[in-house]
$ cat data-v1.txt   # compact mmCIF, C-alpha atoms
# COMPACT_ATOMS: atom_id res chain seq x y z
CA MET S 793 -72.18 44.70 24.53
CA LYS S 794 -69.57 47.16 23.26
CA LYS S 795 -67.34 46.31 26.23
CA ASN S 796 -67.59 42.59 25.44
CA LEU S 797 -66.67 43.22 21.79
CA ILE S 798 -63.56 45.16 22.83
CA LEU S 799 -62.50 42.35 25.17
CA LEU S 800 -62.99 39.81 22.38
CA LEU S 801 -60.81 41.85 20.00
CA ILE S 802 -58.09 42.11 22.62
CA VAL S 803 -58.12 38.33 23.13
CA ILE S 804 -57.90 37.73 19.37
CA VAL S 805 -54.98 40.15 18.95
CA LEU S 806 -53.11 38.63 21.89
CA GLY S 807 -53.68 35.18 20.44
CA ILE S 808 -52.24 36.21 17.07
CA VAL S 809 -49.21 37.79 18.73
CA ALA S 810 -48.63 34.67 20.84
CA TYR S 811 -48.94 32.42 17.78
CA LEU S 812 -46.43 34.46 15.80
CA THR S 813 -44.06 34.57 18.77
CA VAL S 814 -44.08 30.78 19.05
CA ARG S 815 -43.91 30.06 15.32
CA GLN S 816 -41.24 32.56 14.30
CA PRO S 817 -38.17 30.78 15.74
CA GLU S 818 -39.31 27.52 14.15
CA ASN S 819 -39.57 29.17 10.76
CA ILE S 820 -36.16 30.78 11.17
CA THR S 821 -34.65 27.41 12.12
CA LYS S 822 -36.17 25.71 9.10
CA ASN S 823 -34.84 28.34 6.73
CA TYR S 824 -31.36 28.57 8.29
CA ASP S 825 -28.54 26.93 6.26
CA PHE S 826 -26.46 24.51 8.35
CA SER S 827 -24.73 22.88 5.38
CA TYR S 828 -21.42 24.60 6.22
CA ARG S 829 -21.06 22.27 9.22
CA GLU S 830 -22.29 18.98 7.70
CA PHE S 831 -19.05 17.17 6.80
CA GLU S 832 -20.23 13.71 7.82
CA VAL S 833 -21.30 11.15 5.18
CA LYS S 834 -23.48 8.66 7.03
CA ASP S 835 -23.56 6.12 4.19
CA ILE S 836 -19.98 5.94 2.92
CA ASP S 837 -21.04 3.40 0.27
CA GLN S 838 -22.47 6.43 -1.54
CA ILE S 839 -18.93 7.65 -2.13
CA GLN S 840 -17.66 6.37 -5.47
CA LYS S 841 -15.06 8.98 -6.32
CA ILE S 842 -12.69 11.06 -4.20
CA ASN S 843 -10.48 13.91 -5.38
CA ILE S 844 -7.66 15.08 -3.13
CA ILE S 845 -6.07 18.32 -4.31
CA LYS S 846 -3.04 19.89 -2.65
CA ARG S 847 -1.92 23.50 -2.81
CA ASP S 848 1.29 22.49 -4.62
CA GLY S 849 -0.81 21.31 -7.56
CA GLU S 850 -0.67 17.55 -6.92
CA SER S 851 -4.08 16.03 -7.59
CA LEU S 852 -5.10 12.44 -6.89
CA ARG S 853 -8.30 10.82 -8.15
CA PHE S 854 -9.66 7.75 -6.38
CA GLU S 855 -12.44 5.68 -7.98
CA ARG S 856 -14.22 2.72 -6.42
CA LYS S 857 -14.08 -0.42 -8.54
CA SER S 858 -15.99 -3.23 -6.83
CA ASP S 859 -14.17 -3.74 -3.50
CA ASN S 860 -11.06 -1.83 -4.58
CA TRP S 861 -10.06 1.79 -5.11
CA ILE S 862 -8.04 2.79 -8.18
CA ILE S 863 -5.77 5.86 -8.13
CA ASN S 864 -5.59 8.06 -11.23
CA GLY S 865 -7.11 5.27 -13.30
CA LYS S 866 -3.93 3.17 -12.97
CA TYR S 867 -2.79 2.12 -9.50
CA LEU S 868 -4.47 -0.08 -6.91
CA ALA S 869 -4.83 1.81 -3.63
CA ASP S 870 -3.60 0.46 -0.30
CA GLU S 871 -6.51 -0.64 1.89
CA THR S 872 -5.25 0.97 5.12
CA PRO S 873 -5.01 4.67 4.13
CA ILE S 874 -8.29 4.37 2.20
CA ALA S 875 -10.01 2.91 5.27
CA ASN S 876 -8.57 5.76 7.35
CA ILE S 877 -10.07 8.53 5.21
CA LEU S 878 -13.41 6.74 4.86
CA ALA S 879 -13.51 6.59 8.66
CA VAL S 880 -13.04 10.38 8.72
CA PHE S 881 -15.98 10.90 6.34
CA LYS S 882 -18.20 8.62 8.41
CA ARG S 883 -17.27 9.67 11.95
CA VAL S 884 -16.10 13.30 11.79
CA ARG S 885 -17.77 15.54 14.39
CA ILE S 886 -17.64 19.18 15.47
CA LYS S 887 -15.27 19.61 18.41
CA TYR S 888 -15.89 23.34 18.82
CA VAL S 889 -16.52 26.57 16.94
CA PRO S 890 -13.49 28.93 16.87
CA PRO S 891 -13.98 32.40 18.34
CA ASP S 892 -14.77 35.18 15.86
CA ALA S 893 -11.47 36.91 16.65
CA ALA S 894 -9.52 33.90 15.33
CA ILE S 895 -11.39 33.38 12.07
CA GLU S 896 -9.38 35.78 9.90
CA ASN S 897 -6.06 34.12 10.74
CA ILE S 898 -7.55 30.65 10.36
CA MET S 899 -8.84 31.47 6.89
CA LYS S 900 -5.47 32.93 5.84
CA SER S 901 -3.83 29.69 6.94
CA MET S 902 -6.42 27.61 5.06
CA ILE S 903 -5.81 29.56 1.86
CA ALA S 904 -2.07 28.96 2.09
CA ASN S 905 -1.88 25.40 3.37
CA SER S 906 -5.13 23.43 3.13
CA ILE S 907 -6.01 20.27 1.20
CA LYS S 908 -9.20 20.22 -0.84
CA VAL S 909 -11.38 17.10 -0.74
CA GLU S 910 -14.19 16.41 -3.20
CA LEU S 911 -16.63 13.51 -2.85
CA PHE S 912 -18.92 12.23 -5.63
CA ASP S 913 -21.53 9.48 -5.96
CA LYS S 914 -21.88 6.89 -8.75
CA ASN S 915 -23.61 9.43 -10.99
CA ASN S 916 -20.71 11.89 -10.50
CA LYS S 917 -23.00 14.09 -8.40
CA SER S 918 -21.14 16.11 -5.79
CA LEU S 919 -21.71 14.95 -2.21
CA LYS S 920 -19.27 17.22 -0.35
CA LYS S 921 -16.49 19.67 -1.17
CA PHE S 922 -14.39 21.01 1.67
CA TYR S 923 -10.92 22.04 2.82
CA ILE S 924 -8.79 20.50 5.57
CA GLY S 925 -6.20 22.65 7.34
CA GLY S 926 -3.95 22.52 10.37
CA SER S 927 -4.67 22.15 14.06
CA PRO S 928 -5.26 24.83 16.69
CA GLU S 929 -2.21 25.58 18.81
CA ASN S 930 -2.03 23.49 22.00
CA SER S 931 -5.20 21.63 21.03
CA ASP S 932 -6.37 18.48 19.29
CA GLY S 933 -8.73 18.77 16.38
CA THR S 934 -8.43 19.95 12.79
CA TYR S 935 -9.74 22.99 10.93
CA PHE S 936 -12.36 22.18 8.27
CA VAL S 937 -14.09 24.67 5.96
CA MET S 938 -16.91 23.79 3.57
CA GLU S 939 -16.45 25.11 0.04
CA GLY S 940 -18.27 28.42 -0.32
CA SER S 941 -18.21 29.08 3.41
CA ALA S 942 -16.10 31.45 5.50
CA LYS S 943 -16.92 29.67 8.76
CA PRO S 944 -14.08 27.35 9.83
CA LEU S 945 -14.83 24.67 12.40
CA VAL S 946 -12.58 22.53 14.55
CA MET S 947 -13.46 18.91 13.76
CA GLU S 948 -12.48 15.59 15.31
CA VAL S 949 -12.96 11.86 15.00
CA PRO S 950 -13.85 10.36 18.38
CA GLY S 951 -10.98 8.29 19.74
CA PHE S 952 -8.36 9.86 17.45
CA LYS S 953 -5.93 12.44 18.78
CA GLY S 954 -3.97 14.61 16.39
CA ASN S 955 -4.40 16.31 13.04
CA LEU S 956 -6.74 14.57 10.61
CA ARG S 957 -4.94 16.34 7.75
CA VAL S 958 -2.12 13.77 7.87
CA ARG S 959 -4.54 11.11 6.62
CA PHE S 960 -4.97 13.07 3.38
CA ASN S 961 -1.39 14.25 2.90
CA TYR S 962 0.30 11.13 1.51
CA THR S 963 2.27 11.06 -1.73
CA LEU S 964 1.09 8.87 -4.61
CA ASP S 965 3.53 6.09 -3.67
CA GLU S 966 2.31 6.15 -0.07
CA TRP S 967 -1.31 5.76 -1.20
CA ARG S 968 -0.53 2.83 -3.48
CA ASP S 969 -0.98 -0.85 -2.70
CA LYS S 970 2.35 -2.38 -1.67
CA SER S 971 2.04 -5.52 -3.83
CA VAL S 972 5.16 -6.41 -5.81
CA ILE S 973 3.86 -9.77 -7.02
CA SER S 974 0.17 -10.64 -7.15
CA GLU S 975 -0.54 -13.65 -9.35
CA ASN S 976 -3.07 -16.44 -9.70
CA PRO S 977 -0.84 -19.53 -9.44
CA GLU S 978 -3.17 -21.59 -11.64
CA SER S 979 -2.78 -19.02 -14.44
CA LEU S 980 1.02 -19.14 -14.46
CA LYS S 981 2.39 -20.73 -17.62
CA GLU S 982 6.09 -20.23 -16.95
CA ILE S 983 8.40 -18.92 -14.23
CA THR S 984 12.07 -18.29 -14.94
CA VAL S 985 14.41 -17.45 -12.07
CA LYS S 986 17.93 -16.42 -13.05
CA TYR S 987 20.49 -16.17 -10.25
CA TYR S 988 23.48 -14.21 -11.50
CA VAL S 989 25.27 -14.81 -8.20
CA ASP S 990 24.94 -18.60 -8.64
CA LYS S 991 23.93 -19.63 -12.16
CA ASN S 992 23.70 -23.33 -11.32
CA SER S 993 20.81 -22.61 -8.94
CA SER S 994 18.71 -21.00 -11.69
CA PHE S 995 15.58 -22.76 -12.95
CA ARG S 996 12.60 -22.56 -15.28
CA ILE S 997 9.16 -23.94 -14.47
CA VAL S 998 7.05 -24.67 -17.57
CA LYS S 999 3.43 -25.85 -17.58
CA ASP S 1000 2.40 -28.21 -20.40
CA LYS S 1001 -1.03 -28.47 -22.06
CA ASP S 1002 -2.09 -31.11 -19.50
CA GLY S 1003 -1.38 -28.83 -16.56
CA ARG S 1004 1.75 -30.65 -15.44
CA TYR S 1005 5.03 -28.87 -14.79
CA GLN S 1006 8.59 -29.37 -15.84
CA VAL S 1007 11.58 -27.84 -14.08
CA LEU S 1008 14.47 -27.08 -16.40
CA PRO S 1009 17.88 -25.36 -16.18
CA VAL S 1010 18.13 -21.81 -17.54
CA PHE S 1011 21.68 -21.43 -18.84
CA GLU S 1012 23.24 -23.53 -21.61
CA ASP S 1013 26.23 -24.48 -19.48
CA GLN S 1014 24.01 -25.47 -16.56
CA SER S 1015 23.71 -29.21 -15.98
CA GLN S 1016 20.26 -30.83 -16.02
CA LEU S 1017 19.21 -33.34 -13.38
CA ASN S 1018 18.18 -36.75 -14.66
CA ALA S 1019 15.11 -36.90 -12.42
CA VAL S 1020 11.40 -36.03 -12.33
CA ALA S 1021 10.41 -32.90 -10.43
CA ASP S 1022 7.86 -33.30 -7.63
CA GLN S 1023 4.52 -31.82 -8.79
CA LYS S 1024 3.36 -31.12 -5.24
CA ILE S 1025 6.52 -29.17 -4.43
CA ILE S 1026 6.14 -27.14 -7.65
CA LYS S 1027 2.49 -26.26 -6.93
CA SER S 1028 3.36 -25.32 -3.36
CA TYR S 1029 6.19 -23.12 -4.66
CA LEU S 1030 3.88 -21.30 -7.10
CA LEU S 1031 1.60 -20.33 -4.22
CA GLY S 1032 4.39 -17.96 -3.17
CA TYR S 1033 3.51 -15.79 -6.18
CA GLU S 1034 0.00 -15.04 -4.91
CA SER S 1035 1.03 -12.13 -2.75
CA LYS S 1036 4.38 -10.52 -2.14
CA LYS S 1037 4.37 -7.01 -0.68
CA CYS S 1038 7.15 -4.49 -0.26
CA GLU S 1039 8.16 -2.45 2.75
CA TYR S 1040 8.10 0.80 0.74
CA ILE S 1041 7.65 1.95 -2.84
CA GLU S 1042 10.96 3.72 -3.54
CA ASN S 1043 10.49 5.52 -6.85
CA ASN S 1044 12.00 8.69 -5.38
CA MET S 1045 14.96 7.06 -3.67
CA PRO S 1046 17.93 9.50 -4.04
CA ASP S 1047 20.56 6.92 -5.07
CA ILE S 1048 18.31 4.70 -7.16
CA ASN S 1049 20.31 5.25 -10.38
CA ASP S 1050 23.47 4.04 -8.66
CA ILE S 1051 21.67 0.92 -7.49
CA ILE S 1052 20.19 -0.10 -10.85
CA SER S 1053 23.47 0.58 -12.66
CA ARG S 1054 24.91 -2.38 -10.74
CA LYS S 1055 24.63 -5.95 -11.99
CA PRO S 1056 21.42 -7.51 -10.62
CA ILE S 1057 21.54 -10.60 -8.46
CA ILE S 1058 18.21 -12.07 -9.69
CA ASP S 1059 15.87 -11.78 -12.67
CA ILE S 1060 12.40 -13.30 -12.43
CA LEU S 1061 10.32 -13.64 -15.60
CA ILE S 1062 6.61 -14.44 -15.32
CA LYS S 1063 4.51 -15.70 -18.25
CA ARG S 1064 0.76 -16.18 -17.88
CA ASP S 1065 -1.75 -18.35 -19.71
CA ASP S 1066 -3.22 -15.28 -21.45
CA GLY S 1067 0.16 -14.47 -23.02
CA SER S 1068 0.96 -11.49 -20.79
CA THR S 1069 4.32 -11.25 -19.04
CA GLY S 1070 6.02 -9.50 -16.15
CA THR S 1071 9.58 -9.18 -14.91
CA LEU S 1072 11.18 -8.45 -11.57
CA THR S 1073 14.86 -7.57 -11.25
CA ILE S 1074 16.45 -7.63 -7.81
CA TYR S 1075 19.53 -5.65 -6.74
CA MET S 1076 21.72 -5.50 -3.68
CA LEU S 1077 21.66 -2.27 -1.71
CA PRO S 1078 25.25 -0.89 -1.70
CA LYS S 1079 25.12 -0.19 2.03
CA LEU S 1080 24.34 -3.88 2.64
CA ASP S 1081 27.26 -5.25 0.60
CA GLU S 1082 29.10 -5.75 3.86
CA GLU S 1083 26.42 -8.26 4.89
CA ILE S 1084 27.36 -10.69 2.10
CA GLN S 1085 28.37 -13.93 3.83
CA GLU S 1086 31.82 -14.57 2.40
CA ASP S 1087 32.15 -17.83 4.32
CA LYS S 1088 29.13 -19.31 2.49
CA GLN S 1089 28.62 -20.64 -1.02
CA GLY S 1090 25.91 -20.32 -3.64
CA LEU S 1091 22.66 -18.49 -2.91
CA ASP S 1092 23.27 -18.48 0.83
CA LYS S 1093 26.11 -16.03 0.30
CA TYR S 1094 23.78 -13.27 -0.96
CA LEU S 1095 20.28 -14.36 0.02
CA ASN S 1096 20.06 -14.72 3.78
CA GLN S 1097 18.67 -13.10 6.92
CA HIS S 1098 21.79 -10.93 7.31
CA VAL S 1099 21.11 -9.12 4.03
CA LEU S 1100 17.75 -7.90 5.25
CA ARG S 1101 16.58 -5.84 2.28
CA TYR S 1102 16.91 -5.54 -1.49
CA ILE S 1103 15.63 -3.27 -4.25
CA ALA S 1104 13.24 -4.84 -6.77
CA LYS S 1105 12.47 -3.20 -10.11
CA THR S 1106 9.47 -4.11 -12.26
CA ASP S 1107 9.25 -3.83 -16.03
CA ASP S 1108 7.06 -0.73 -15.72
CA GLY S 1109 9.82 1.05 -13.80
CA ASP S 1110 8.51 0.84 -10.22
CA MET S 1111 11.10 0.42 -7.46
CA PHE S 1112 10.34 -1.49 -4.28
CA LEU S 1113 12.24 -2.01 -1.04
CA ILE S 1114 11.66 -5.68 -0.25
CA GLN S 1115 12.53 -7.85 2.73
CA TYR S 1116 14.30 -11.20 2.57
CA GLU S 1117 11.87 -12.73 5.08
CA VAL S 1118 8.90 -11.96 2.83
CA PHE S 1119 10.45 -13.27 -0.40
CA LYS S 1120 12.62 -16.12 0.83
CA ASP S 1121 10.11 -18.84 -0.10
CA ILE S 1122 10.56 -18.05 -3.80
CA PHE S 1123 14.36 -17.77 -3.51
CA VAL S 1124 14.92 -21.51 -3.90
CA ASP S 1125 17.42 -23.37 -6.10
CA TYR S 1126 17.02 -25.77 -9.02
CA ARG S 1127 17.51 -28.90 -6.86
CA PHE S 1128 14.72 -27.84 -4.49
CA PHE S 1129 12.07 -29.37 -6.78
CA PHE S 1130 13.66 -32.81 -6.93
CA ARG S 1131 13.57 -33.75 -3.26
$ encode --input "data-v1.txt" --output "structure tokens"
Amino acid sequence: MKKNLILLLIVIVLGIVAYLTVRQPENITKNYDFSYREFEVKDIDQIQKINIIKRDGESLRFERKSDNWIINGKYLADETPIANILAVFKRVRIKYVPPDAAIENIMKSMIANSIKVELFDKNNKSLKKFYIGGSPENSDGTYFVMEGSAKPLVMEVPGFKGNLRVRFNYTLDEWRDKSVISENPESLKEITVKYYVDKNSSFRIVKDKDGRYQVLPVFEDQSQLNAVADQKIIKSYLLGYESKKCEYIENNMPDINDIISRKPIIDILIKRDDGSTGTLTIYMLPKLDEEIQEDKQGLDKYLNQHVLRYIAKTDDGDMFLIQYEVFKDIFVDYRFFFR
């Protein structure tokens, strides 16, 4: 009897030991914090606000407004770079864990040269805060470190080779939408186009209370045609004001003051039904003066495929490098509407 009791106790003790041996790793796993490696945001629609903060002090704030993103509460963001960073948030994966011997140098580099990214939801609740650094030598991938962690990881987006940091390292002008003109043609009340290089080609389109348009000369010494402008041609022309994009935003162009000190070649004044207005002033680039077609007359002398690019300045001070091929359908003359 005593022998059987001892055997029973041994079995019970061994059972308890076996149970604890099996359960202990599971408990450790459940309590272990893996948040330092969880950079992915599976549902990117959760992201309503993004802060990108550089070490030089530049800070950009992106906020989702319907289908658009607004930068610093003022500028419409370009769809392409926004799509590129959202793809990082959705698809970023661990490529490998750096060796312990490399961590100190990686962290020193992150402190000196990383970009901080903060993600928030619609309630301004923090989703992620992390730092993006450089790439390992002779290797693809990018160093990421979660805020509050000292464990850098090499991350990647499948199918992308290179440093993901470049997607977050744009200037404000590079992040911005490239639209120079973006109007609803039906809401345009008046368009005035002044050609200083050929005043007789200038014109003014005015919409009356019945929704019909008149085309009038601009300058007092400009002769007026004794004819009725074609309404279909006018409406087709106004469609050209729906979307005109630039090649680059050039607010930091080194010789911009020299350019805008010159006499402009075109002024475009836009008046809308709600009473608001906008202006666009277009200048020749000095280095393209040699492309002026001296053997031609009128607009063709300055506005042609040889003079490939111009600088356009808006009334809020923005400078855009624009292409003739993009804008040529609004560079028409007064007689164009009377065909």
$ atom_distance --input "data-v1.txt" --atom1 "CA of Val880 (chain S)" --atom2 "CA of Tyr935 (chain S)"
13.2 Å
$ residues_around --input "data-v1.txt" --residues "Gly865 (chain S)" --least-positions-apart "5" --cutoff "8 Å" --atoms "all atoms listed in the file" --output "PDB file with C-alpha atoms, in the coordinates of the input"
ATOM      1  CA  ARG S 853      -8.300  10.820  -8.150  1.00  0.00           C
ATOM      2  CA  PHE S 854      -9.660   7.750  -6.380  1.00  0.00           C
ATOM      3  CA  GLU S 855     -12.440   5.680  -7.980  1.00  0.00           C
TER       4      GLU S 855
END
$ closest_residue --input "data-v1.txt" --among "S:Lys846, S:Lys900, S:Lys857, S:Lys921" --to "Ser827 (chain S)" --atoms "all atoms listed in the file"
S:Lys921
$ closest_residue --input "data-v1.txt" --among "S:Asn876, S:Thr1073, S:Ser941, S:Ser901" --to "Tyr1102 (chain S)" --atoms "all atoms listed in the file"
S:Thr1073
$ closest_residue --input "data-v1.txt" --among "S:Asp990, S:Asp932, S:Glu910, S:Glu966" --to "Lys1093 (chain S)" --atoms "all atoms listed in the file"
S:Asp990
$ residues_around --input "data-v1.txt" --residues "Asp1065 (chain S)" --least-positions-apart "3" --cutoff "10 Å" --atoms "only C-alpha atoms" --output "tab-separated table (two decimals) with C-alpha atoms, in the coordinates of the input"
chain	number	residue	atom	x	y	z
S	978	GLU	CA	-3.17	-21.59	-11.64
S	979	SER	CA	-2.78	-19.02	-14.44
S	980	LEU	CA	1.02	-19.14	-14.46
S	981	LYS	CA	2.39	-20.73	-17.62
S	982	GLU	CA	6.09	-20.23	-16.95
S	999	LYS	CA	3.43	-25.85	-17.58
S	1068	SER	CA	0.96	-11.49	-20.79
S	1069	THR	CA	4.32	-11.25	-19.04
$ residues_around --input "data-v1.txt" --residues "Leu1095 (chain S)" --least-positions-apart "4" --cutoff "10 Å" --atoms "only C-alpha atoms" --output "compact mmCIF listing (two decimals) with C-alpha atoms, in the coordinates of the input"
# COMPACT_ATOMS: atom_id res chain seq x y z
CA VAL S 989 25.27 -14.81 -8.20
CA ILE S 1057 21.54 -10.60 -8.46
CA MET S 1076 21.72 -5.50 -3.68
CA GLU S 1083 26.42 -8.26 4.89
CA ILE S 1084 27.36 -10.69 2.10
CA GLN S 1085 28.37 -13.93 3.83
CA GLY S 1090 25.91 -20.32 -3.64
CA LEU S 1091 22.66 -18.49 -2.91
CA VAL S 1099 21.11 -9.12 4.03
CA LEU S 1100 17.75 -7.90 5.25
CA ARG S 1101 16.58 -5.84 2.28
CA TYR S 1102 16.91 -5.54 -1.49
CA TYR S 1116 14.30 -11.20 2.57
CA GLU S 1117 11.87 -12.73 5.08
CA PHE S 1119 10.45 -13.27 -0.40
CA LYS S 1120 12.62 -16.12 0.83
CA PHE S 1123 14.36 -17.77 -3.51
CA VAL S 1124 14.92 -21.51 -3.90
$ residues_around --input "data-v1.txt" --residues "Glu871 (chain S)" --least-positions-apart "4" --cutoff "9 Å" --atoms "all atoms listed in the file" --output "ChimeraX atom specification"
/S:860-861,875-876,967-969
$ residues_around --input "data-v1.txt" --residues "Ile1074 (chain S)" --least-positions-apart "2" --cutoff "6 Å" --atoms "all atoms listed in the file" --output "PyMOL selection string"
chain S and resi 1056-1058+1103-1104
$ write_last_selection --input "data-v1.txt" --atoms "C-alpha atoms" --output "PDB file, in the coordinates of the input"
ATOM      1  CA  PRO S1056      21.420  -7.510 -10.620  1.00  0.00           C
ATOM      2  CA  ILE S1057      21.540 -10.600  -8.460  1.00  0.00           C
ATOM      3  CA  ILE S1058      18.210 -12.070  -9.690  1.00  0.00           C
ATOM      4  CA  ILE S1103      15.630  -3.270  -4.250  1.00  0.00           C
ATOM      5  CA  ALA S1104      13.240  -4.840  -6.770  1.00  0.00           C
TER       6      ALA S1104
END
$ closest_residue --input "data-v1.txt" --among "S:Glu832, S:Gly926, S:Pro977, S:Val884" --to "Phe952 (chain S)" --atoms "only C-alpha atoms"
S:Val884
$ atom_distance --input "data-v1.txt" --atom1 "CA of Val1020 (chain S)" --atom2 "CA of Gly1067 (chain S)"
26.6 Å
$ atom_distance --input "data-v1.txt" --atom1 "CA of Asp1059 (chain S)" --atom2 "CA of Lys986 (chain S)"
5.1 Å
$ closest_residue --input "data-v1.txt" --among "S:Glu939, S:Leu878, S:Leu911, S:Pro873" --to "Arg959 (chain S)" --atoms "only C-alpha atoms"
S:Pro873
$ decode --input "data-v1.txt" --residues "region 881-906 of chain S" --atoms "N, CA and C atoms" --output "PDB file, in the first residue's frame"
ATOM      1  N   PHE S 881       3.870  51.599 -45.900  1.00  0.00           N
ATOM      2  CA  PHE S 881       3.165  51.261 -44.654  1.00  0.00           C
ATOM      3  C   PHE S 881       2.425  49.925 -44.769  1.00  0.00           C
ATOM      4  N   LYS S 882       1.886  49.660 -45.935  1.00  0.00           N
ATOM      5  CA  LYS S 882       1.072  48.457 -46.112  1.00  0.00           C
ATOM      6  C   LYS S 882       1.901  47.201 -46.352  1.00  0.00           C
ATOM      7  N   ARG S 883       3.066  47.331 -47.016  1.00  0.00           N
ATOM      8  CA  ARG S 883       3.775  46.147 -47.501  1.00  0.00           C
ATOM      9  C   ARG S 883       5.152  45.931 -46.874  1.00  0.00           C
ATOM     10  N   VAL S 884       5.572  46.815 -45.971  1.00  0.00           N
ATOM     11  CA  VAL S 884       6.919  46.707 -45.426  1.00  0.00           C
ATOM     12  C   VAL S 884       7.068  45.403 -44.636  1.00  0.00           C
ATOM     13  N   ARG S 885       8.229  44.757 -44.812  1.00  0.00           N
ATOM     14  CA  ARG S 885       8.506  43.466 -44.183  1.00  0.00           C
ATOM     15  C   ARG S 885       9.936  43.452 -43.634  1.00  0.00           C
ATOM     16  N   ILE S 886      10.179  42.576 -42.655  1.00  0.00           N
ATOM     17  CA  ILE S 886      11.537  42.404 -42.143  1.00  0.00           C
ATOM     18  C   ILE S 886      12.363  41.623 -43.167  1.00  0.00           C
ATOM     19  N   LYS S 887      13.500  42.202 -43.543  1.00  0.00           N
ATOM     20  CA  LYS S 887      14.425  41.503 -44.434  1.00  0.00           C
ATOM     21  C   LYS S 887      15.385  40.648 -43.601  1.00  0.00           C
ATOM     22  N   TYR S 888      15.993  41.283 -42.589  1.00  0.00           N
ATOM     23  CA  TYR S 888      16.804  40.510 -41.642  1.00  0.00           C
ATOM     24  C   TYR S 888      17.091  41.359 -40.406  1.00  0.00           C
ATOM     25  N   VAL S 889      17.546  40.697 -39.364  1.00  0.00           N
ATOM     26  CA  VAL S 889      17.914  41.358 -38.116  1.00  0.00           C
ATOM     27  C   VAL S 889      19.424  41.587 -38.123  1.00  0.00           C
ATOM     28  N   PRO S 890      19.895  42.820 -37.949  1.00  0.00           N
ATOM     29  CA  PRO S 890      21.340  43.080 -37.955  1.00  0.00           C
ATOM     30  C   PRO S 890      22.036  42.353 -36.802  1.00  0.00           C
ATOM     31  N   PRO S 891      23.297  41.991 -36.994  1.00  0.00           N
ATOM     32  CA  PRO S 891      24.039  41.351 -35.902  1.00  0.00           C
ATOM     33  C   PRO S 891      24.245  42.315 -34.742  1.00  0.00           C
ATOM     34  N   ASP S 892      24.344  41.777 -33.537  1.00  0.00           N
ATOM     35  CA  ASP S 892      24.508  42.605 -32.338  1.00  0.00           C
ATOM     36  C   ASP S 892      25.711  43.533 -32.444  1.00  0.00           C
ATOM     37  N   ALA S 893      26.776  43.060 -33.082  1.00  0.00           N
ATOM     38  CA  ALA S 893      27.999  43.861 -33.174  1.00  0.00           C
ATOM     39  C   ALA S 893      27.810  45.139 -33.987  1.00  0.00           C
ATOM     40  N   ALA S 894      26.772  45.168 -34.834  1.00  0.00           N
ATOM     41  CA  ALA S 894      26.562  46.328 -35.707  1.00  0.00           C
ATOM     42  C   ALA S 894      25.581  47.338 -35.124  1.00  0.00           C
ATOM     43  N   ILE S 895      24.886  46.976 -34.076  1.00  0.00           N
ATOM     44  CA  ILE S 895      23.778  47.795 -33.591  1.00  0.00           C
ATOM     45  C   ILE S 895      24.226  49.173 -33.117  1.00  0.00           C
ATOM     46  N   GLU S 896      25.343  49.257 -32.402  1.00  0.00           N
ATOM     47  CA  GLU S 896      25.790  50.548 -31.883  1.00  0.00           C
ATOM     48  C   GLU S 896      26.027  51.550 -33.002  1.00  0.00           C
ATOM     49  N   ASN S 897      26.715  51.138 -34.059  1.00  0.00           N
ATOM     50  CA  ASN S 897      26.973  52.044 -35.180  1.00  0.00           C
ATOM     51  C   ASN S 897      25.697  52.398 -35.926  1.00  0.00           C
ATOM     52  N   ILE S 898      24.797  51.429 -36.050  1.00  0.00           N
ATOM     53  CA  ILE S 898      23.520  51.701 -36.727  1.00  0.00           C
ATOM     54  C   ILE S 898      22.744  52.765 -35.963  1.00  0.00           C
ATOM     55  N   MET S 899      22.683  52.629 -34.647  1.00  0.00           N
ATOM     56  CA  MET S 899      21.931  53.583 -33.840  1.00  0.00           C
ATOM     57  C   MET S 899      22.558  54.970 -33.879  1.00  0.00           C
ATOM     58  N   LYS S 900      23.880  55.059 -33.912  1.00  0.00           N
ATOM     59  CA  LYS S 900      24.551  56.357 -34.037  1.00  0.00           C
ATOM     60  C   LYS S 900      24.161  57.023 -35.357  1.00  0.00           C
ATOM     61  N   SER S 901      24.123  56.223 -36.412  1.00  0.00           N
ATOM     62  CA  SER S 901      23.738  56.747 -37.722  1.00  0.00           C
ATOM     63  C   SER S 901      22.277  57.202 -37.719  1.00  0.00           C
ATOM     64  N   MET S 902      21.409  56.449 -37.073  1.00  0.00           N
ATOM     65  CA  MET S 902      19.993  56.804 -36.998  1.00  0.00           C
ATOM     66  C   MET S 902      19.813  58.126 -36.253  1.00  0.00           C
ATOM     67  N   ILE S 903      20.543  58.319 -35.185  1.00  0.00           N
ATOM     68  CA  ILE S 903      20.434  59.549 -34.403  1.00  0.00           C
ATOM     69  C   ILE S 903      20.836  60.757 -35.244  1.00  0.00           C
ATOM     70  N   ALA S 904      21.834  60.578 -36.091  1.00  0.00           N
ATOM     71  CA  ALA S 904      22.361  61.701 -36.876  1.00  0.00           C
ATOM     72  C   ALA S 904      21.584  61.962 -38.158  1.00  0.00           C
ATOM     73  N   ASN S 905      20.947  60.923 -38.738  1.00  0.00           N
ATOM     74  CA  ASN S 905      20.517  61.074 -40.126  1.00  0.00           C
ATOM     75  C   ASN S 905      19.174  60.423 -40.445  1.00  0.00           C
ATOM     76  N   SER S 906      18.363  60.132 -39.461  1.00  0.00           N
ATOM     77  CA  SER S 906      17.105  59.441 -39.749  1.00  0.00           C
ATOM     78  C   SER S 906      15.951  60.428 -39.949  1.00  0.00           C
TER      79      SER S 906
END
